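File shown: protein.txt (compact mmCIF, C-alpha atoms).
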# COMPACT_ATOMS: atom_id res chain seq x y z
CA MET A 237 64.46 168.78 -131.97
CA LYS A 238 63.75 168.01 -128.41
CA LEU A 239 62.46 164.57 -127.51
CA THR A 240 59.46 166.12 -125.77
CA TYR A 241 58.30 167.53 -129.12
CA LEU A 242 59.34 164.52 -131.18
CA ILE A 243 57.31 161.92 -129.32
CA PRO A 244 53.91 163.67 -129.63
CA LEU A 245 54.68 164.48 -133.26
CA LEU A 246 55.51 160.86 -134.04
CA SER A 247 52.41 159.67 -132.18
CA LEU A 248 50.27 162.08 -134.14
CA SER A 249 51.67 160.99 -137.50
CA LEU A 250 51.25 157.33 -136.55
CA ALA A 251 47.66 157.95 -135.47
CA THR A 252 46.94 159.83 -138.70
CA ALA A 253 48.49 157.02 -140.73
CA ALA A 254 46.40 154.47 -138.87
CA PHE A 255 43.23 156.51 -139.36
CA ALA A 256 43.88 157.00 -143.05
CA ALA A 257 44.76 153.38 -143.69
CA PRO A 258 42.75 151.88 -146.53
CA GLU A 259 40.07 149.40 -145.59
CA SER A 260 39.84 145.99 -147.16
CA PHE A 261 36.35 145.10 -148.40
CA ASP A 262 35.38 141.51 -149.02
CA PHE A 263 32.82 141.10 -151.83
CA LYS A 264 31.85 137.51 -151.12
CA ASP A 265 28.26 138.20 -150.19
CA PRO A 266 26.57 135.54 -148.03
CA LYS A 267 23.20 137.16 -148.78
CA GLY A 268 23.59 136.55 -152.52
CA VAL A 269 22.59 140.10 -153.38
CA ASN A 270 25.66 141.00 -155.47
CA ASN A 271 25.09 140.55 -159.15
CA ALA A 272 26.41 141.20 -162.62
CA VAL A 273 23.75 141.64 -165.29
CA PHE A 274 24.52 141.06 -168.96
CA ASN A 275 22.53 141.90 -172.05
CA LEU A 276 23.09 141.11 -175.73
CA ASP A 277 20.85 142.32 -178.48
CA ALA A 278 19.27 139.64 -180.68
CA PRO A 279 16.61 139.75 -183.45
CA LEU A 280 13.70 137.98 -181.72
CA GLU A 281 14.44 138.93 -178.13
CA SER A 282 17.52 140.32 -176.40
CA VAL A 283 19.48 137.85 -174.31
CA ASN A 284 19.22 138.99 -170.67
CA GLY A 285 20.87 137.21 -167.80
CA SER A 286 22.81 137.62 -164.61
CA ALA A 287 25.52 136.09 -162.46
CA ASN A 288 25.62 136.08 -158.68
CA GLY A 289 28.80 134.12 -157.93
CA ILE A 290 30.80 137.21 -157.05
CA SER A 291 33.86 137.47 -154.86
CA GLY A 292 36.95 139.62 -154.55
CA ILE A 293 38.78 142.10 -152.37
CA VAL A 294 38.88 145.86 -152.83
CA SER A 295 41.12 148.22 -150.93
CA PHE A 296 39.34 151.54 -150.36
CA ASP A 297 40.45 154.54 -148.37
CA PRO A 298 37.56 156.90 -147.56
CA GLU A 299 40.08 159.71 -147.18
CA ASN A 300 41.61 158.96 -150.56
CA PRO A 301 39.13 157.15 -152.86
CA GLY A 302 41.40 157.76 -155.83
CA ALA A 303 43.83 155.17 -154.46
CA THR A 304 41.27 152.36 -154.71
CA THR A 305 42.61 149.06 -156.01
CA GLY A 306 41.32 145.51 -156.00
CA LYS A 307 40.03 142.56 -157.89
CA ILE A 308 36.47 141.37 -158.55
CA VAL A 309 35.82 137.79 -159.64
CA VAL A 310 32.65 136.42 -161.23
CA ALA A 311 32.18 132.65 -161.29
CA THR A 312 31.30 131.94 -164.94
CA GLU A 313 29.17 128.94 -163.99
CA THR A 314 26.73 131.19 -162.14
CA MET A 315 25.76 133.03 -165.32
CA THR A 316 22.09 132.32 -165.89
CA VAL A 317 19.50 133.08 -168.56
CA PRO A 318 15.82 132.09 -168.36
CA ASN A 319 15.94 129.91 -171.50
CA PRO A 320 17.54 126.51 -170.71
CA MET A 321 18.87 126.00 -174.24
CA GLN A 322 20.46 129.44 -174.31
CA LYS A 323 22.05 128.72 -170.93
CA GLU A 324 23.46 125.45 -172.23
CA HIS A 325 24.91 127.25 -175.27
CA LEU A 326 26.29 130.05 -173.09
CA HIS A 327 28.16 127.60 -170.85
CA SER A 328 29.33 125.39 -173.72
CA PRO A 329 32.89 125.32 -175.15
CA ASN A 330 31.59 127.29 -178.17
CA TRP A 331 30.78 130.32 -176.06
CA LEU A 332 32.10 130.89 -172.52
CA ASP A 333 33.51 127.39 -171.93
CA VAL A 334 32.86 127.48 -168.18
CA ALA A 335 34.82 124.27 -167.59
CA LYS A 336 38.00 125.75 -169.06
CA TYR A 337 37.50 129.37 -167.97
CA PRO A 338 35.70 129.25 -164.61
CA GLU A 339 36.30 132.92 -163.77
CA ILE A 340 35.76 136.37 -165.24
CA THR A 341 37.93 138.92 -163.47
CA PHE A 342 38.52 142.63 -163.32
CA GLU A 343 41.63 143.91 -161.58
CA ALA A 344 41.54 147.65 -160.90
CA LYS A 345 44.87 149.40 -161.30
CA SER A 346 44.16 153.12 -161.26
CA LEU A 347 41.39 155.67 -161.00
CA ALA A 348 41.01 158.89 -162.95
CA ASN A 349 38.48 161.76 -162.95
CA VAL A 350 37.79 161.09 -159.29
CA LYS A 351 34.93 163.18 -157.88
CA THR A 352 33.74 162.76 -154.31
CA GLU A 353 30.62 164.24 -152.80
CA ASP A 354 29.69 163.17 -149.29
CA ASN A 355 30.02 159.39 -149.29
CA VAL A 356 29.74 158.93 -153.07
CA THR A 357 32.71 158.82 -155.41
CA THR A 358 32.54 158.60 -159.18
CA ALA A 359 35.61 157.80 -161.25
CA ASP A 360 36.93 156.10 -164.35
CA VAL A 361 38.73 152.95 -163.34
CA THR A 362 41.37 151.38 -165.54
CA GLY A 363 42.20 147.76 -165.08
CA THR A 364 42.61 144.34 -166.61
CA PHE A 365 39.43 142.56 -167.66
CA THR A 366 39.85 138.84 -168.23
CA LEU A 367 37.17 136.85 -170.01
CA HIS A 368 37.38 133.55 -171.86
CA GLY A 369 41.12 133.42 -171.12
CA VAL A 370 41.79 136.76 -172.85
CA SER A 371 42.96 139.79 -170.86
CA LYS A 372 42.41 143.36 -172.04
CA GLU A 373 43.01 146.69 -170.39
CA ILE A 374 39.75 148.63 -170.23
CA THR A 375 38.51 151.81 -168.59
CA VAL A 376 35.01 151.87 -167.13
CA PRO A 377 33.02 154.46 -165.18
CA ILE A 378 32.23 153.43 -161.60
CA LYS A 379 30.32 154.75 -158.65
CA LEU A 380 31.55 153.95 -155.15
CA THR A 381 29.27 154.48 -152.17
CA TYR A 382 30.90 154.25 -148.76
CA LEU A 383 28.45 153.28 -146.03
CA LYS A 384 30.24 153.83 -142.74
CA ASP A 385 29.13 151.61 -139.83
CA LYS A 386 26.33 150.10 -141.91
CA LEU A 387 27.49 146.49 -141.81
CA SER A 388 25.50 145.77 -138.64
CA ALA A 389 22.32 146.83 -140.46
CA ARG A 390 22.97 144.01 -142.90
CA VAL A 391 24.68 141.42 -140.75
CA PRO A 392 23.43 141.61 -137.15
CA LYS A 393 26.07 141.77 -134.43
CA MET A 394 28.81 142.55 -136.92
CA GLU A 395 30.31 146.04 -136.79
CA GLY A 396 31.97 147.51 -139.81
CA ASP A 397 31.58 149.41 -143.05
CA LEU A 398 30.10 148.67 -146.44
CA LEU A 399 31.27 149.69 -149.89
CA VAL A 400 28.82 149.58 -152.78
CA ILE A 401 30.27 149.52 -156.30
CA ARG A 402 28.17 150.14 -159.38
CA ALA A 403 29.47 150.02 -162.92
CA ASN A 404 27.81 150.06 -166.30
CA PHE A 405 29.88 149.38 -169.40
CA SER A 406 30.06 147.46 -172.67
CA ILE A 407 32.56 145.04 -174.12
CA ASN A 408 32.86 143.36 -177.49
CA ARG A 409 32.70 139.57 -177.22
CA GLU A 410 34.92 139.28 -180.31
CA ASP A 411 37.76 141.05 -178.44
CA PHE A 412 37.72 138.06 -176.10
CA ASP A 413 37.64 135.39 -178.81
CA ILE A 414 34.02 134.45 -178.19
CA GLN A 415 32.57 133.28 -181.52
CA LYS A 416 34.71 135.82 -183.36
CA GLY A 417 33.05 136.83 -186.64
CA LYS A 418 30.22 134.36 -186.10
CA PHE A 419 26.49 134.70 -185.42
CA GLU A 420 26.68 138.51 -185.62
CA ASP A 421 23.20 138.52 -187.21
CA LYS A 422 21.84 136.35 -184.38
CA VAL A 423 23.61 137.69 -181.30
CA SER A 424 25.13 141.15 -181.10
CA PRO A 425 28.91 141.29 -180.56
CA THR A 426 28.31 144.06 -178.00
CA VAL A 427 27.71 142.83 -174.47
CA ASN A 428 26.27 145.35 -172.00
CA LEU A 429 27.33 144.71 -168.42
CA THR A 430 25.97 146.16 -165.18
CA LEU A 431 27.72 145.43 -161.93
CA SER A 432 25.97 146.05 -158.59
CA ILE A 433 27.99 144.75 -155.67
CA ALA A 434 28.52 145.43 -151.98
CA GLY A 435 31.59 144.53 -149.95
CA ALA A 436 32.01 144.34 -146.20
CA SER A 437 34.84 145.50 -144.00
CA PRO A 438 34.27 144.14 -140.48
CA LYS A 439 36.00 145.88 -137.59
CA MET B 171 -6.08 105.68 -188.32
CA ARG B 172 -5.79 108.43 -190.88
CA LYS B 173 -8.55 110.47 -189.24
CA ALA B 174 -7.14 109.80 -185.75
CA LEU B 175 -3.71 111.20 -186.67
CA GLN B 176 -5.24 114.28 -188.26
CA LEU B 177 -7.40 114.85 -185.21
CA LEU B 178 -4.34 114.44 -182.99
CA ALA B 179 -2.54 117.10 -185.05
CA VAL B 180 -5.41 119.54 -184.55
CA LEU B 181 -5.49 118.78 -180.81
CA LEU B 182 -1.71 119.31 -180.57
CA ILE B 183 -1.99 122.75 -182.19
CA LEU B 184 -4.92 123.69 -179.98
CA ALA B 185 -3.14 122.54 -176.81
CA ALA B 186 -0.01 124.46 -177.78
CA VAL B 187 -1.90 127.68 -178.56
CA ILE B 188 -3.87 127.43 -175.29
CA THR B 189 -0.67 126.80 -173.28
CA TRP B 190 1.10 129.67 -175.06
CA ALA B 191 -1.81 132.05 -174.37
CA ALA B 192 -2.22 130.86 -170.77
CA THR B 193 1.47 131.42 -169.96
CA GLY B 194 1.47 135.00 -171.18
CA ALA B 195 1.53 134.79 -175.01
CA SER B 196 5.26 135.57 -175.04
CA ARG B 197 6.69 136.54 -178.41
CA GLY B 198 10.17 135.64 -177.20
CA TRP B 199 11.87 132.31 -176.51
CA THR B 200 10.50 129.70 -174.10
CA LYS B 201 11.61 130.23 -170.51
CA THR B 202 11.69 127.81 -167.62
CA SER B 203 12.54 130.40 -164.98
CA VAL B 204 11.96 134.08 -164.39
CA PRO B 205 14.13 136.63 -162.61
CA VAL B 206 12.63 137.99 -159.41
CA LYS B 207 14.13 141.21 -158.07
CA THR B 208 14.22 142.15 -154.40
CA LEU B 209 15.66 145.37 -153.06
CA ASP B 210 18.32 145.26 -150.38
CA PRO B 211 17.34 148.28 -148.24
CA VAL B 212 20.84 148.87 -146.86
CA THR B 213 22.86 148.87 -150.07
CA GLY B 214 20.08 149.75 -152.53
CA ILE B 215 21.11 146.81 -154.71
CA GLU B 216 18.41 144.79 -156.42
CA ALA B 217 19.09 141.10 -155.80
CA ILE B 218 18.15 138.84 -158.71
CA ASN B 219 16.89 135.34 -158.01
CA TYR B 220 15.45 132.94 -160.56
CA GLN B 221 12.16 131.24 -159.74
CA PRO B 222 11.02 128.20 -161.75
CA LYS B 223 8.20 129.20 -164.08
CA PHE B 224 7.27 127.93 -167.52
CA ILE B 225 6.59 130.56 -170.16
CA ALA B 226 5.88 129.15 -173.62
CA GLY B 227 7.55 131.09 -176.41
CA VAL B 228 7.40 131.12 -180.17
CA ASP B 229 9.79 128.13 -180.33
CA PHE B 230 7.23 126.15 -178.32
CA LEU B 231 4.52 127.07 -180.85
CA GLY B 232 6.89 126.24 -183.71
CA ALA B 233 7.67 122.81 -182.25
CA ALA B 234 3.93 122.09 -181.84
CA PHE B 235 3.17 123.15 -185.42
CA GLY B 236 6.10 121.03 -186.64
CA GLY B 237 4.74 118.04 -184.73
CA ALA B 238 1.29 118.63 -186.20
CA VAL B 239 2.70 118.74 -189.74
CA LEU B 240 4.51 115.43 -189.10
CA LEU B 241 1.31 113.84 -187.80
CA VAL B 242 -0.69 115.02 -190.82
CA GLY B 243 2.10 113.81 -193.11
CA ALA B 244 2.13 110.43 -191.38
CA SER B 245 -1.64 110.18 -191.75
CA PHE B 246 -1.27 110.01 -195.55
CA ILE B 247 0.67 106.78 -195.19
CA PHE B 248 -2.60 105.18 -194.32
CA ARG B 249 -5.00 104.56 -197.20
CA LYS B 250 -8.33 106.25 -197.44
CA PRO B 251 -10.97 103.68 -196.51
CA LYS B 252 -12.66 102.34 -199.64
CA ILE B 253 -16.37 102.98 -200.00
CA ASN B 254 -18.14 99.97 -201.38
CA GLN B 255 -20.13 101.03 -204.42
CA PRO B 256 -22.72 98.87 -206.01
CA THR B 257 -21.42 97.24 -209.18
CA ASN B 258 -23.43 97.10 -212.36
CA ASN B 259 -23.42 93.58 -213.64
CA ASN B 260 -25.48 93.34 -216.74

Using structure tokens, write down the structure that the file contains.
Amino acid sequence: MKLTYLIPLLSLSLATAAFAAPESFDFKDPKGVNNAVFNLDAPLESVNGSANGISGIVSFDPENPGATTGKIVVATETMTVPNPMQKEHLHSPNWLDVAKYPEITFEAKSLANVKTEDNVTTADVTGTFTLHGVSKEITVPIKLTYLKDKLSARVPKMEGDLLVIRANFSINREDFDIQKGKFEDKVSPTVNLTLSIAGASPK
Amino acid sequence: MRKALQLLAVLLILAAVITWAATGASRGWTKTSVPVKTLDPVTGIEAINYQPKFIAGVDFLGAAFGGAVLLVGASFIFRKPKINQPTNNN
């Protein structure tokens, strides 16, 4: 092949590669909007709370959302419930033991059933969920919304993109050695989790 | 003293019921904060922030009733005042 053809071809493939490169989204939100809501059924009143100490990095390629990988971290200490005694119990060594296990993490490894329509992608993500020092592989449905050039609407004078991740799934606290076989009549072993987070990718 | 403790028990129950009713008559647990949701217009995420607010629950009522029972119980430690009756000395 002649050099005259090779150079434009190489340039084109390099440009395509650069364009298709995955973006890195940082989920440490200075606005404190990101949250993880948890809910456990209980006889008198369900235990409802949330955590807002969220951080993590997700690699997302708008041209190939199925290749998304990353890790989301929730600071256990930021988990809050409106009842002070329940909060004390939740943070105590008997339940989450925030001093010993300061983080709850989910590391995404692969996506399946990926469906993309406009800027919204739905998929089933499989990854490692670590809670209370126990790691389990789980698969959860997620919704990814890619907001191109929307970072400046949120953070003035900062150009870039946003990625919103929403997930709704359940875990069993006993799978993570949290009061295994105890208090099942008082607090349900099933924990419903809802994640609503936005990450930024400045340019 | 006996009467004073019993009156205090009644007042404690009344104060607790009034507080419980005034803070929303919640049939759940007592709360010292409430979640306040605000919508982030760009991402559509509802931010959750906790504002300090006291909401008396059934445990608050239970504690007040328990306290009242203790006060009434303690009141029986004190003797009933003796009523001087005229004696019949033949």

As a short mmCIF file (atom, residue, chain, number, x, y, z; two decimals) with C-alpha atoms, in the frame of the given file, please: the residues near Arg402 in chain A (cut-off 7 Å, only C-alpha atoms, same-chain neighbours under 6 positions excluded).
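The result, stored in part_28.cif:
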data_model
loop_
_atom_site.label_atom_id
_atom_site.label_comp_id
_atom_site.auth_asym_id
_atom_site.auth_seq_id
_atom_site.Cartn_x
_atom_site.Cartn_y
_atom_site.Cartn_z
CA ILE A 378 32.23 153.43 -161.60
CA LYS A 379 30.32 154.75 -158.65
CA LEU A 380 31.55 153.95 -155.15
CA LEU A 431 27.72 145.43 -161.93
CA SER A 432 25.97 146.05 -158.59
CA ILE A 433 27.99 144.75 -155.67
#

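Proximity of A:Gly363, A:Gly285, A:Gly302, A:Gly396 to chain B, computed with all atoms listed in the file, is greatest for A:Gly285.
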
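Counting all atoms listed in the file, the residue from B:Gly243, B:Gly214, B:Gly236, B:Gly198 that sits nearest to chain A is B:Gly198.
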
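By all atoms listed in the file, and with residues fewer than 4 positions from range 217-224 of chain B along its chain excluded, the set lying at most 9 Å from it is A:Gly268, A:Val269, A:Asn270, A:Asn271, A:Ser286, A:Ala287, A:Asn288, A:Thr316, A:Val317, A:Pro318, A:Ser432, B:Thr193, B:Thr200, B:Lys201, B:Thr202, B:Ser203, B:Val204, B:Pro205, B:Val206, B:Lys207, B:Thr208, B:Leu209, B:Asp210.
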
Select, counting only C-alpha atoms, all protein, DNA and RNA residues no farther than 8 Å from (-1.7, 114.9, -185.2) in file coordinates, and express the selection as a ChimeraX atom specification.
/B:174-182,237-242

Could you make a table, as CSV, of the residues of chain A that have an atom within 12 Å of an atom of chain B, each with its nearest atom pair and distance in Å to one decimal, counting only C-alpha atoms, in chain and number order?
residue,atom,partner,partner_atom,distance
A:Asp265,CA,B:Ala217,CA,11.1
A:Lys267,CA,B:Ala217,CA,9.0
A:Gly268,CA,B:Ala217,CA,7.2
A:Val269,CA,B:Ala217,CA,4.4
A:Asn270,CA,B:Ala217,CA,6.6
A:Asn271,CA,B:Ala217,CA,6.9
A:Ala272,CA,B:Ile218,CA,9.4
A:Val273,CA,B:Ile218,CA,9.1
A:Ala278,CA,B:Gly198,CA,10.5
A:Pro279,CA,B:Gly198,CA,9.9
A:Leu280,CA,B:Gly198,CA,6.2
A:Glu281,CA,B:Gly198,CA,5.5
A:Ser282,CA,B:Gly198,CA,8.8
A:Val283,CA,B:Trp199,CA,9.7
A:Asn284,CA,B:Pro205,CA,9.8
A:Gly285,CA,B:Pro205,CA,8.5
A:Ser286,CA,B:Ile218,CA,7.6
A:Ala287,CA,B:Ile218,CA,8.7
A:Asn288,CA,B:Ile218,CA,8.0
A:Gly289,CA,B:Ile218,CA,11.7
A:Thr314,CA,B:Asn219,CA,11.5
A:Met315,CA,B:Tyr220,CA,11.4
A:Thr316,CA,B:Tyr220,CA,8.5
A:Val317,CA,B:Ser203,CA,8.3
A:Pro318,CA,B:Ser203,CA,5.0
A:Asn319,CA,B:Lys201,CA,4.5
A:Pro320,CA,B:Thr202,CA,6.7
A:Met321,CA,B:Thr200,CA,9.2
A:Gln322,CA,B:Trp199,CA,9.3
A:Lys323,CA,B:Lys201,CA,10.6
A:Leu380,CA,B:Thr213,CA,11.3
A:Thr381,CA,B:Thr213,CA,8.8
A:Tyr382,CA,B:Thr213,CA,9.8
A:Leu383,CA,B:Thr213,CA,8.2
A:Lys384,CA,B:Val212,CA,11.4
A:Asp385,CA,B:Val212,CA,11.2
A:Lys386,CA,B:Val212,CA,7.5
A:Leu387,CA,B:Val212,CA,8.7
A:Ser388,CA,B:Val212,CA,9.9
A:Ala389,CA,B:Val212,CA,6.9
A:Arg390,CA,B:Val212,CA,6.6
A:Val391,CA,B:Val212,CA,10.4
A:Asp397,CA,B:Thr213,CA,11.2
A:Leu398,CA,B:Thr213,CA,8.1
A:Leu399,CA,B:Thr213,CA,8.5
A:Val400,CA,B:Thr213,CA,6.6
A:Ile401,CA,B:Ile215,CA,9.7
A:Arg402,CA,B:Ile215,CA,9.1
A:Thr430,CA,B:Ile215,CA,11.6
A:Leu431,CA,B:Ile215,CA,9.9
A:Ser432,CA,B:Ile215,CA,6.3
A:Ile433,CA,B:Ile215,CA,7.2
A:Ala434,CA,B:Thr213,CA,6.9
A:Gly435,CA,B:Thr213,CA,9.8
A:Ala436,CA,B:Thr213,CA,10.9

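Using all atoms listed in the file, the smallest distance between any of A:Thr366, A:Asn330, A:Thr358, A:Thr304 and Ala344 in chain A comes from A:Thr304.
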
Within 10 Å of Val334 in chain A using all atoms listed in the file, minus same-chain residues under 6 positions, as a count of residues only
10

Residue contacts of Asp413 in chain A (9 Å, all atoms listed in the file) excluding same-chain residues fewer than 4 positions away, as an MDAnalysis selection string
chainID A and resid 331 367:370 409

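Minimum atom-to-atom distances from A:Glu373, A:Glu343, A:Glu395, A:Asp262 to Asp411 in chain A were compared using only C-alpha atoms, and the lowest value belongs to A:Glu373.
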
By how many Å are CA of Ile308 in chain A and CA of Glu324 in chain A apart?
24.7 Å
